[in-house]
Structure formats: C-alpha cells, structure tokens
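Content type mmCIF, C-alpha atoms, from the file start.cif:
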```cif
data_protein
loop_
_atom_site.label_atom_id
_atom_site.label_comp_id
_atom_site.auth_asym_id
_atom_site.auth_seq_id
_atom_site.Cartn_x
_atom_site.Cartn_y
_atom_site.Cartn_z
CA ASN G 1 -19.58 0.64 -7.50
CA ALA G 2 -16.38 2.42 -8.61
CA GLY G 3 -14.38 1.79 -5.42
CA VAL G 4 -11.75 4.48 -4.85
CA THR G 5 -11.58 7.21 -7.47
CA GLN G 6 -8.86 9.84 -7.56
CA THR G 7 -8.17 12.78 -9.85
CA PRO G 8 -6.23 13.95 -11.72
CA LYS G 9 -4.43 10.92 -13.12
CA PHE G 10 -1.51 12.97 -14.45
CA GLN G 11 -0.32 16.46 -13.54
CA VAL G 12 2.75 18.56 -14.21
CA LEU G 13 3.41 21.45 -11.85
CA LYS G 14 6.02 24.15 -11.69
CA THR G 15 7.96 24.59 -8.47
CA GLY G 16 5.97 26.75 -6.09
CA GLN G 17 2.58 26.06 -7.61
CA SER G 18 -0.21 24.60 -5.54
CA MET G 19 -2.66 21.87 -6.34
CA THR G 20 -5.18 19.53 -4.75
CA LEU G 21 -5.56 15.83 -5.41
CA GLN G 22 -9.13 14.68 -5.03
CA CYS G 23 -10.24 11.29 -3.76
CA ALA G 24 -13.65 9.74 -3.26
CA GLN G 25 -14.81 6.28 -2.25
CA ASP G 26 -18.25 4.76 -2.61
CA MET G 27 -17.79 1.78 -0.28
CA ASN G 28 -19.02 3.59 2.85
CA HIS G 29 -15.57 3.17 4.40
CA ASN G 30 -14.64 5.02 7.54
CA SER G 31 -10.88 5.22 7.07
CA MET G 32 -9.05 6.91 4.20
CA TYR G 33 -5.36 7.33 3.37
CA TRP G 34 -2.91 9.10 1.13
CA TYR G 35 0.30 7.31 0.17
CA ARG G 36 3.17 8.26 -2.07
CA GLN G 37 5.19 5.73 -4.03
CA ASP G 38 8.76 6.37 -5.10
CA PRO G 39 11.16 3.92 -6.77
CA GLY G 40 12.80 1.66 -4.20
CA MET G 41 10.86 3.24 -1.34
CA GLY G 42 7.64 1.28 -1.33
CA LEU G 43 4.45 2.98 -0.24
CA ARG G 44 4.80 5.65 2.41
CA LEU G 45 1.87 7.05 4.33
CA ILE G 46 1.45 10.82 4.07
CA TYR G 47 -1.75 11.39 6.03
CA TYR G 48 -4.71 9.33 7.05
CA SER G 49 -8.20 9.83 8.39
CA ALA G 50 -9.43 7.10 10.70
CA SER G 51 -12.97 8.45 10.57
CA GLU G 52 -14.91 11.44 9.32
CA GLY G 53 -13.75 14.55 11.10
CA THR G 54 -10.29 13.29 12.04
CA THR G 55 -6.93 13.44 10.30
CA ASP G 56 -3.46 12.35 11.42
CA LYS G 57 0.06 12.56 10.10
CA GLY G 58 1.75 9.56 8.60
CA GLU G 59 5.44 8.93 7.87
CA VAL G 60 6.03 11.79 5.42
CA PRO G 61 3.54 14.65 6.05
CA ASN G 62 5.82 17.63 5.44
CA GLY G 63 4.71 19.81 2.53
CA TYR G 64 1.17 18.41 2.48
CA ASN G 65 -2.21 19.15 3.97
CA VAL G 66 -5.38 17.11 3.91
CA SER G 67 -9.09 17.63 4.30
CA ARG G 68 -11.67 14.97 5.10
CA LEU G 69 -14.54 16.80 3.46
CA ASN G 70 -17.14 14.16 4.37
CA LYS G 71 -17.23 10.41 4.75
CA ARG G 72 -16.68 9.87 1.02
CA GLU G 73 -14.00 12.42 0.19
CA PHE G 74 -10.41 12.95 1.31
CA SER G 75 -8.28 15.52 -0.49
CA LEU G 76 -4.52 16.09 -0.48
CA ARG G 77 -3.11 19.57 -1.03
CA LEU G 78 0.37 20.65 -2.00
CA GLU G 79 0.65 24.31 -1.05
CA SER G 80 4.00 25.03 -2.69
CA ALA G 81 5.13 22.13 -4.83
CA ALA G 82 8.78 21.08 -4.81
CA PRO G 83 10.66 18.70 -7.14
CA SER G 84 11.02 16.27 -4.20
CA GLN G 85 7.25 15.83 -4.35
CA THR G 86 7.45 14.27 -7.80
CA SER G 87 5.88 10.89 -7.15
CA VAL G 88 2.91 8.62 -7.69
CA TYR G 89 0.17 9.32 -5.18
CA PHE G 90 -2.35 6.72 -4.12
CA CYS G 91 -5.51 7.34 -2.21
CA ALA G 92 -6.91 4.36 -0.32
CA SER G 93 -9.72 3.43 2.00
CA SER G 94 -10.72 0.69 4.43
CA GLU G 95 -13.86 -0.04 6.37
CA ASN G 96 -12.02 0.61 9.58
CA ASP G 97 -8.47 0.50 10.82
CA PRO G 98 -6.64 -2.36 9.08
CA GLY G 99 -5.79 -5.29 11.23
CA GLY G 100 -8.88 -4.98 13.35
CA ILE G 101 -10.89 -8.00 14.38
CA SER G 102 -13.15 -7.74 11.37
CA GLY G 103 -10.19 -7.72 9.00
CA ASN G 104 -10.25 -4.48 7.11
CA THR G 105 -8.58 -4.62 3.73
CA ILE G 106 -7.15 -1.41 2.30
CA TYR G 107 -8.35 -0.67 -1.24
CA PHE G 108 -6.29 1.61 -3.44
CA GLY G 109 -7.27 4.10 -6.12
CA GLU G 110 -5.60 3.99 -9.54
CA GLY G 111 -2.93 6.52 -8.66
CA SER G 112 -2.01 10.08 -9.64
CA TRP G 113 1.28 10.71 -11.41
CA LEU G 114 2.64 14.09 -10.33
CA THR G 115 5.73 15.74 -11.78
CA VAL G 116 7.12 18.96 -10.32
CA VAL G 117 9.58 20.78 -12.57
CA GLY D 118 7.58 2.97 15.09
CA GLU D 119 7.23 -0.04 12.86
CA ASN D 120 9.95 -0.82 10.32
CA VAL D 121 9.55 -3.45 7.60
CA GLU D 122 12.42 -4.88 5.58
CA GLN D 123 11.76 -6.90 2.44
CA HIS D 124 14.08 -9.19 0.48
CA PRO D 125 15.02 -9.73 -2.23
CA SER D 126 14.46 -6.53 -4.17
CA THR D 127 14.36 -8.49 -7.44
CA LEU D 128 13.68 -12.16 -8.10
CA SER D 129 13.84 -13.99 -11.40
CA VAL D 130 12.47 -17.51 -11.77
CA GLN D 131 11.52 -19.88 -14.55
CA GLU D 132 7.88 -20.67 -15.16
CA GLY D 133 6.81 -23.50 -12.90
CA ASP D 134 9.40 -22.77 -10.22
CA SER D 135 8.54 -21.56 -6.73
CA ALA D 136 9.22 -18.04 -5.51
CA VAL D 137 9.72 -16.93 -1.91
CA ILE D 138 9.76 -13.34 -0.67
CA LYS D 139 10.71 -12.58 2.92
CA CYS D 140 9.92 -9.70 5.24
CA THR D 141 10.97 -8.84 8.75
CA TYR D 142 9.27 -6.38 11.06
CA SER D 143 10.43 -4.55 14.14
CA ASP D 144 7.36 -4.06 16.34
CA SER D 145 6.45 -7.26 18.19
CA ALA D 146 2.95 -5.84 18.78
CA SER D 147 2.16 -5.91 15.03
CA ASN D 148 -0.91 -8.03 14.43
CA TYR D 149 -1.74 -7.89 10.71
CA PHE D 150 0.42 -8.77 7.72
CA PRO D 151 -1.00 -8.28 4.20
CA TRP D 152 0.68 -8.85 0.87
CA TYR D 153 -0.07 -6.70 -2.16
CA LYS D 154 0.62 -7.29 -5.84
CA GLN D 155 1.19 -4.34 -8.15
CA GLU D 156 1.36 -4.77 -11.89
CA LEU D 157 3.13 -2.13 -13.96
CA GLY D 158 1.17 1.13 -13.97
CA LYS D 159 -1.62 -0.33 -11.83
CA ARG D 160 -2.78 0.03 -8.26
CA PRO D 161 -1.61 -2.33 -5.49
CA GLN D 162 -4.12 -5.11 -4.84
CA LEU D 163 -4.37 -7.39 -1.84
CA ILE D 164 -3.55 -11.01 -2.63
CA ILE D 165 -3.39 -12.58 0.82
CA ASP D 166 -3.12 -11.55 4.45
CA ILE D 167 -2.45 -13.19 7.79
CA ARG D 168 -3.10 -12.26 11.38
CA SER D 169 -0.80 -12.74 14.34
CA ASN D 170 -2.85 -15.61 15.78
CA VAL D 171 -2.27 -17.74 12.66
CA GLY D 172 0.99 -19.35 11.53
CA GLU D 173 0.16 -20.10 7.91
CA LYS D 174 -2.50 -19.35 5.34
CA LYS D 175 -2.95 -20.71 1.82
CA ASP D 176 -4.96 -19.63 -1.18
CA GLN D 177 -4.43 -21.86 -4.20
CA ARG D 178 -0.85 -21.26 -5.40
CA ILE D 179 0.04 -18.64 -2.81
CA ALA D 180 0.73 -19.04 0.88
CA VAL D 181 1.99 -16.85 3.67
CA THR D 182 3.82 -18.00 6.78
CA LEU D 183 4.39 -16.04 9.95
CA ASN D 184 7.04 -16.57 12.62
CA LYS D 185 6.17 -14.22 15.49
CA THR D 186 9.18 -15.21 17.55
CA ALA D 187 11.60 -14.27 14.82
CA LYS D 188 9.37 -11.42 13.61
CA HIS D 189 9.37 -12.44 10.01
CA PHE D 190 6.80 -13.52 7.46
CA SER D 191 7.10 -14.87 3.95
CA LEU D 192 5.13 -15.12 0.73
CA HIS D 193 5.35 -18.39 -1.18
CA ILE D 194 4.19 -18.71 -4.77
CA THR D 195 4.23 -22.20 -6.27
CA GLU D 196 4.03 -23.20 -9.94
CA THR D 197 4.78 -19.65 -11.01
CA GLN D 198 3.28 -18.33 -14.24
CA PRO D 199 4.28 -15.35 -16.41
CA GLU D 200 1.21 -13.47 -15.16
CA ASP D 201 2.69 -13.61 -11.65
CA SER D 202 5.30 -11.10 -12.85
CA ALA D 203 4.75 -7.93 -10.80
CA VAL D 204 6.02 -6.03 -7.78
CA TYR D 205 4.99 -7.55 -4.47
CA PHE D 206 4.78 -5.56 -1.25
CA CYS D 207 4.57 -6.87 2.27
CA ALA D 208 3.22 -4.77 5.11
CA ALA D 209 2.91 -4.96 8.87
CA ARG D 210 0.50 -3.18 11.11
CA PHE D 211 0.40 -2.20 14.71
CA GLN D 212 -0.92 1.32 14.93
CA LYS D 213 -0.43 2.07 11.25
CA LEU D 214 0.21 -0.10 8.22
CA VAL D 215 3.86 0.12 7.13
CA PHE D 216 4.96 -1.27 3.77
CA GLY D 217 8.17 -2.94 2.72
CA THR D 218 10.13 -1.58 -0.24
CA GLY D 219 8.85 -4.18 -2.70
CA THR D 220 10.13 -7.18 -4.65
CA ARG D 221 10.08 -7.21 -8.43
CA LEU D 222 9.27 -10.78 -9.50
CA LEU D 223 9.97 -11.78 -13.09
CA VAL D 224 8.70 -15.15 -14.28
CA SER D 225 10.26 -16.24 -17.56
CA PRO D 226 8.42 -18.66 -19.87
#
```

Structure encoded using structure tokens:
Amino acid sequence: NAGVTQTPKFQVLKTGQSMTLQCAQDMNHNSMYWYRQDPGMGLRLIYYSASEGTTDKGEVPNGYNVSRLNKREFSLRLESAAPSQTSVYFCASSENDPGGISGNTIYFGEGSWLTVV
Amino acid sequence: GENVEQHPSTLSVQEGDSAVIKCTYSDSASNYFPWYKQELGKRPQLIIDIRSNVGEKKDQRIAVTLNKTAKHFSLHITETQPEDSAVYFCAARFQKLVFGTGTRLLVSP
C-alpha cells in the first residue's frame, strides 16, 4: 500500500515547455486534489476531482489543466510553463469530501519540485 | 469564499515549553478544521482535526480548541520536543479545504 504516488519528483522546464505531473493512489479514494506550495503562501488548491469523471477549479487554476483518468489517477498538465509556476506541487486524495460525516482525511503525496527557467 | 489566517508565522520555544498556534476563519459555515505538520522536504501529514460540533480535542501532547462564535481555532503543543520542529498548517473547510499560510515552529534543546 503505497498511498499517494506522484512523478516526477524533480523537474526543470524552460519557459513555454509543457509537461504533465502524474499522480496515482491505491487507497480506493474517490476524491483527488492538486495543490501548489509556495513560500509564505501555504497550500493552495489548483484543481480537484470529487469523484471519477468530475473535475473542478480550485483557488489558482490558471495555466493548468487536469485529467481524472480513472479512479486511481489524476494528472496535472502545464501547457506552456511560466516562471510563476515554479513551485512544489502536491497531489492528494481523500475517501470523500473532507469534513463529511465520516471524517475524510486528506493524504498527500511526497511532492514534485518544479522549476521553470 | 473561505479565508484562513494563521499566526504567528514563526515560533521559537525551549524544549519542554508549550506552543500555541492560532487560526481564524471567515466562513461561519465551515465545519471541519484539521492541522497538518510538515517536516523539511516532506509531505504534510495530519496530526489532529476537530469538527464544528466539538469544542476541544486532545491526543497526547497536542490539543485543538475551537471557538465557533469567534471563528477561531488553536493548536496547543505541551512539553515540546526538538522533533516537534516543523511547519504547521491549519485549514478550514466548508465547500473546499482552505489552508493557512503556516507556522514554522523551532524547538531548541
């Protein structure tokens, strides 16, 4: 049981290049998330998928796209990378929407360090 | 939408002292308040959470209190140890989980 696995762990991109961050969870969770973490800014939600087949924008969706490929996998794509997208990206999952009656903890992946030059 | 403010941004204590981190939230409909600990270079991990129908929750040396009227909640760590040194994030959830900006706790031996 690996939990939430994301790749790559480190990536350097040139401005304008595209790339996809991959994420998979093996906990049979319904909900999946992509966050970015910048110094002094905490964790900000980019996109989330409450269940397979649905995706919704979070706080900072501009410049990103997502795909919920199946229940296990949720990818994040940068179509034309910009230096402002230099950040640490965390994928996460929860059984269902956090805060629900059954108490759904969000579990994070190990993070992907992305630098755009 | 929900807004979460967290204070202080840094906190230095001596080993054995208590540490308190405070958060305020804006949406009175928020119903779930987790706290995450993030060690350097690691992922955030849940350490304790509280729901809006509970005023206080304890787990060994850590406790969280919630004041719904004032819309603030706090993390209390007693008998701090050097391994408690990390960044701590609060969060509040109504429709989505919104995180505070983090508190860097340094516990000196």

- Task: Would you kindly translate the PyMOL selection byres ((chain G and resi 74) around 8) into the concrete residues it picks from this file, as an MDAnalysis selection string?
- Result: chainID G and resid 22:24 32:33 66:70 72:73 75:76

- Give me, as a PyMOL selection string, the contact residues of chain D against chain G at a cut-off of 12 Å, counting all atoms listed in the file. chain D and resi 118-127+146-170+204-221

- Hey, can you check how far atom CA of G:Ser112 sits from atom CA of D:Glu200? 24.4 Å

- Note on the structure: Correct to one decimal, the distance atom CA of D:Leu223-atom CA of D:Ala136 is 9.9 Å

- Query: Nearest to G:Met27: which of G:Glu79, G:Glu95, G:Lys57, G:Ser87 is it, counting all atoms listed in the file?
  - Reply: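 Closest residue, counting all atoms listed in the file: G:Glu95.
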
- From the list D:Ala203, D:Leu192, D:Ile138, D:Val171, which residue is nearest D:Val224 when using all atoms listed in the file? D:Ala203

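Here atom CA of D:Glu173 stands at a distance of 19.5 Å from atom CA of D:Thr197.
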
- With distances taken over only C-alpha atoms, the candidate from D:Ser191, D:Ser202, D:Thr182, D:Ser145 nearest D:Ser225 is D:Ser202

- Task: Check what the PyMOL selection byres ((chain G and resi 114) around 12) selects in the file above and give those residues as a PyMOL selection string.
- Result: chain G and resi 7-15+18-21+36-38+78+81-90+111-113+115-117

- Result set, the PyMOL selection byres ((chain G and resi 26) around 10) on current file, as a PyMOL selection string: chain G and resi 1-5+24-25+27-29+71-73+93

Fewer than 2 positions away in the same chain doesn't count, so skip those; otherwise give me all residues within 8 Å of D:Ser135, counting only C-alpha atoms, as a PDB file with C-alpha atoms, keeping the file's coordinate frame.
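Saved to selection11.pdb:
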```pdb
ATOM      1  CA  VAL D 130      12.470 -17.510 -11.770  1.00  0.00           C
ATOM      2  CA  GLY D 133       6.810 -23.500 -12.900  1.00  0.00           C
ATOM      3  CA  VAL D 137       9.720 -16.930  -1.910  1.00  0.00           C
ATOM      4  CA  HIS D 193       5.350 -18.390  -1.180  1.00  0.00           C
ATOM      5  CA  ILE D 194       4.190 -18.710  -4.770  1.00  0.00           C
ATOM      6  CA  THR D 195       4.230 -22.200  -6.270  1.00  0.00           C
ATOM      7  CA  GLU D 196       4.030 -23.200  -9.940  1.00  0.00           C
ATOM      8  CA  THR D 197       4.780 -19.650 -11.010  1.00  0.00           C
TER       9      THR D 197
END
```
